[in-house]
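**Student:** Here it is, the structure, as structure tokens.
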Amino acid sequence: MGKKHRQHFLKYRSLYEEAIRRHVCAKCVDLGEDGFCRTKDPQGCGIFRNLLGLVEVALNLHELRLGPYIRAVRSHVCSQCVNSMPGEKCPIRESLDCGLDRYLGLVFEAIEAVDRSLQKEKSKSSPS
Ligand code: SF4
Ligand code: SF4
């Protein structure tokens with residue numbers, strides 16, 4: 001994936017992380033009452049491990065829509081994930097323990113919200 005998208009992610013990383021906490025973690029069954037994550041994925045939550053890829057996939061789509069986003073995540077993010085097995089299999093997905101797989105719709109919502117607010121900022125600051 002491109003250097004430009006990587007730089008974009010590094011610049012706005014904290015916004016994306018905050019949006020994931022708000023849109024996804026707040027509704028996740030693995031969030032403990034103490035606010036700590038209790039994911040059963042031994043590698044850590046698939047969302048935060050793969051956040052760069054999840055943002056890059058969104059930036060690469062011509063039009064940000066849920067269906068194409070889900071397909072692109074499966075082929076570009078899951079395929080690179082340490083938990084993936086040959087034949088597109090994933091034991092963590094199969095046991096419903098992947099936060100990314102369980103909440104992909106909410107992840108999409110979080111990334112879309114950040115991108116929308118960045119675009120708004122950009123159009124406000126560019127001369128009309
Ligand atoms: S599993 Fe992922 S989405 Fe759920 S609370 Fe932990 S970090 Fe957040
Ligand atoms: S579904 Fe499996 S391969 Fe995809 S991100 Fe989750 S743990 Fe990784």
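Residues in the structure tokens are named by chain (A, B, ... in the order shown) and by number from 1 within that chain; ligands are numbered from 1 in the order shown.
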Would you pick out the contacts of Ile47 of chain A at 9 Å or less, using only C-alpha atoms, so that residues sharing its chain but fewer than 3 positions from it are not included, and give the list as a list of chain:residue names?
**Tutor:**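 Residues near the query, excluding close chain neighbours: A:Ile20, A:Gly44, A:Asn50, A:Leu51, A:Leu54, A:Cys98, A:Gly99, A:Leu100, A:Asp101, A:Leu104, A:Val107.
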**Student:** How would the residues just picked look written out with C-alpha atoms as a CSV table (one decimal), in the first residue's frame?
**Tutor:**
```
chain,number,residue,atom,x,y,z
A,20,ILE,CA,-12.5,3.1,17.3
A,44,GLY,CA,-4.4,-8.7,20.7
A,50,ASN,CA,-4.5,-3.9,11.8
A,51,LEU,CA,-5.6,-0.3,12.0
A,54,LEU,CA,-8.1,-0.8,7.8
A,98,CYS,CA,-12.0,-11.5,16.6
A,99,GLY,CA,-13.1,-8.0,17.5
A,100,LEU,CA,-12.5,-6.9,13.9
A,101,ASP,CA,-14.7,-9.6,12.4
A,104,LEU,CA,-16.5,-4.7,11.0
A,107,VAL,CA,-15.1,-0.2,12.4
```
**Student:** Which residues are close to Val57 of chain A, i.e. within 8 Å by only C-alpha atoms, leaving aside same-chain residues fewer than 6 positions away? Reply as a PyMOL selection string.
**Tutor:** chain A and resi 69+72-73+76
**Student:** Which neighbours of segment 27-41 of chain A fall inside 10 Å, counting only C-alpha atoms, when residues of the same chain fewer than 5 positions from it are skipped, and could you give them as a ChimeraX atom specification?
**Tutor:** /A:21-22,46,83,91-93,95-99,102-103,106
**Student:** To one decimal place, how far is atom CA of Arg13 of chain A from atom CA of Leu61 of chain A in Å?
**Tutor:** 19.0 Å
**Student:** I'd like to know which of A:Lys4, A:Gly105, A:Ala58, A:Val77 is closest to ligand 1, using only C-alpha atoms and all ligand atoms.
**Tutor:**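 Looking only at the distances to ligand 1, the closest residue turns out to be A:Gly105.
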**Student:** May I ask for the distance between atom CA of Glu18 of chain A and atom CA of Glu94 of chain A, given in Å to one decimal place?
**Tutor:**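 Between atom CA of Glu18 of chain A and atom CA of Glu94 of chain A the gap works out to 27.6 Å.
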**Student:** Please provide as a PDB file with N, CA and C atoms, in the first residue's frame all residues within 12 Å of Ser75 of chain A, with the sequence filter that same-chain residues fewer than 6 positions apart are discarded (counting only C-alpha atoms).
**Tutor:**
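Final output, saved to out_25.pdb:
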```
ATOM      1  N   GLY A  53      -3.857  -0.933   8.047  1.00  0.00           N
ATOM      2  CA  GLY A  53      -4.453  -1.604   6.887  1.00  0.00           C
ATOM      3  C   GLY A  53      -5.920  -1.259   6.731  1.00  0.00           C
ATOM      4  N   LEU A  54      -6.640  -1.146   7.850  1.00  0.00           N
ATOM      5  CA  LEU A  54      -8.072  -0.843   7.785  1.00  0.00           C
ATOM      6  C   LEU A  54      -8.321   0.567   7.250  1.00  0.00           C
ATOM      7  N   VAL A  57      -7.314   0.565   3.401  1.00  0.00           N
ATOM      8  CA  VAL A  57      -8.355  -0.039   2.568  1.00  0.00           C
ATOM      9  C   VAL A  57      -9.457   0.994   2.288  1.00  0.00           C
ATOM     10  N   PRO A  68     -18.246  -3.275  -0.353  1.00  0.00           N
ATOM     11  CA  PRO A  68     -16.887  -3.350  -0.912  1.00  0.00           C
ATOM     12  C   PRO A  68     -15.822  -3.263   0.179  1.00  0.00           C
ATOM     13  N   TYR A  69     -16.103  -2.502   1.247  1.00  0.00           N
ATOM     14  CA  TYR A  69     -15.125  -2.370   2.329  1.00  0.00           C
ATOM     15  C   TYR A  69     -14.899  -3.734   3.003  1.00  0.00           C
ATOM     16  N   CYS A  81      -2.919 -11.113   8.261  1.00  0.00           N
ATOM     17  CA  CYS A  81      -3.016 -11.242   9.726  1.00  0.00           C
ATOM     18  C   CYS A  81      -2.309 -12.518  10.197  1.00  0.00           C
ATOM     19  N   SER A  84      -4.326 -15.784  10.359  1.00  0.00           N
ATOM     20  CA  SER A  84      -4.966 -16.414   9.195  1.00  0.00           C
ATOM     21  C   SER A  84      -4.266 -17.710   8.817  1.00  0.00           C
ATOM     22  N   GLY A  87      -6.258 -21.132   2.938  1.00  0.00           N
ATOM     23  CA  GLY A  87      -7.646 -21.335   2.523  1.00  0.00           C
ATOM     24  C   GLY A  87      -8.579 -20.314   3.150  1.00  0.00           C
ATOM     25  N   GLU A  88      -8.031 -19.127   3.485  1.00  0.00           N
ATOM     26  CA  GLU A  88      -8.811 -18.033   4.076  1.00  0.00           C
ATOM     27  C   GLU A  88      -9.500 -18.423   5.367  1.00  0.00           C
ATOM     28  N   LYS A  89      -8.924 -19.406   6.057  1.00  0.00           N
ATOM     29  CA  LYS A  89      -9.525 -19.827   7.321  1.00  0.00           C
ATOM     30  C   LYS A  89      -8.918 -19.020   8.462  1.00  0.00           C
TER      31      LYS A  89
END
```
**Student:** At what distance in Å, to one decimal, does atom CA of Pro42 of chain A lie from atom CA of Leu66 of chain A?
**Tutor:**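 Result for atom CA of Leu66 of chain A versus atom CA of Pro42 of chain A: 27.6 Å, one decimal.
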**Student:** Looking only at alpha helix (DSSP H) from DSSP on the backbone, list the matching residues of chain A as an MDAnalysis selection string.
**Tutor:** chainID A and resid 3:23 46:49 51:60 66:76 91:94 99:102 104:125
**Student:** Considering only C-alpha atoms, can you say which of A:Glu56, A:Asp115, A:Glu63, A:Glu121 comes closest to Ala19 of chain A?
**Tutor:**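 Among A:Glu56, A:Asp115, A:Glu63, A:Glu121, it is A:Asp115 that comes nearest to Ala19 of chain A.
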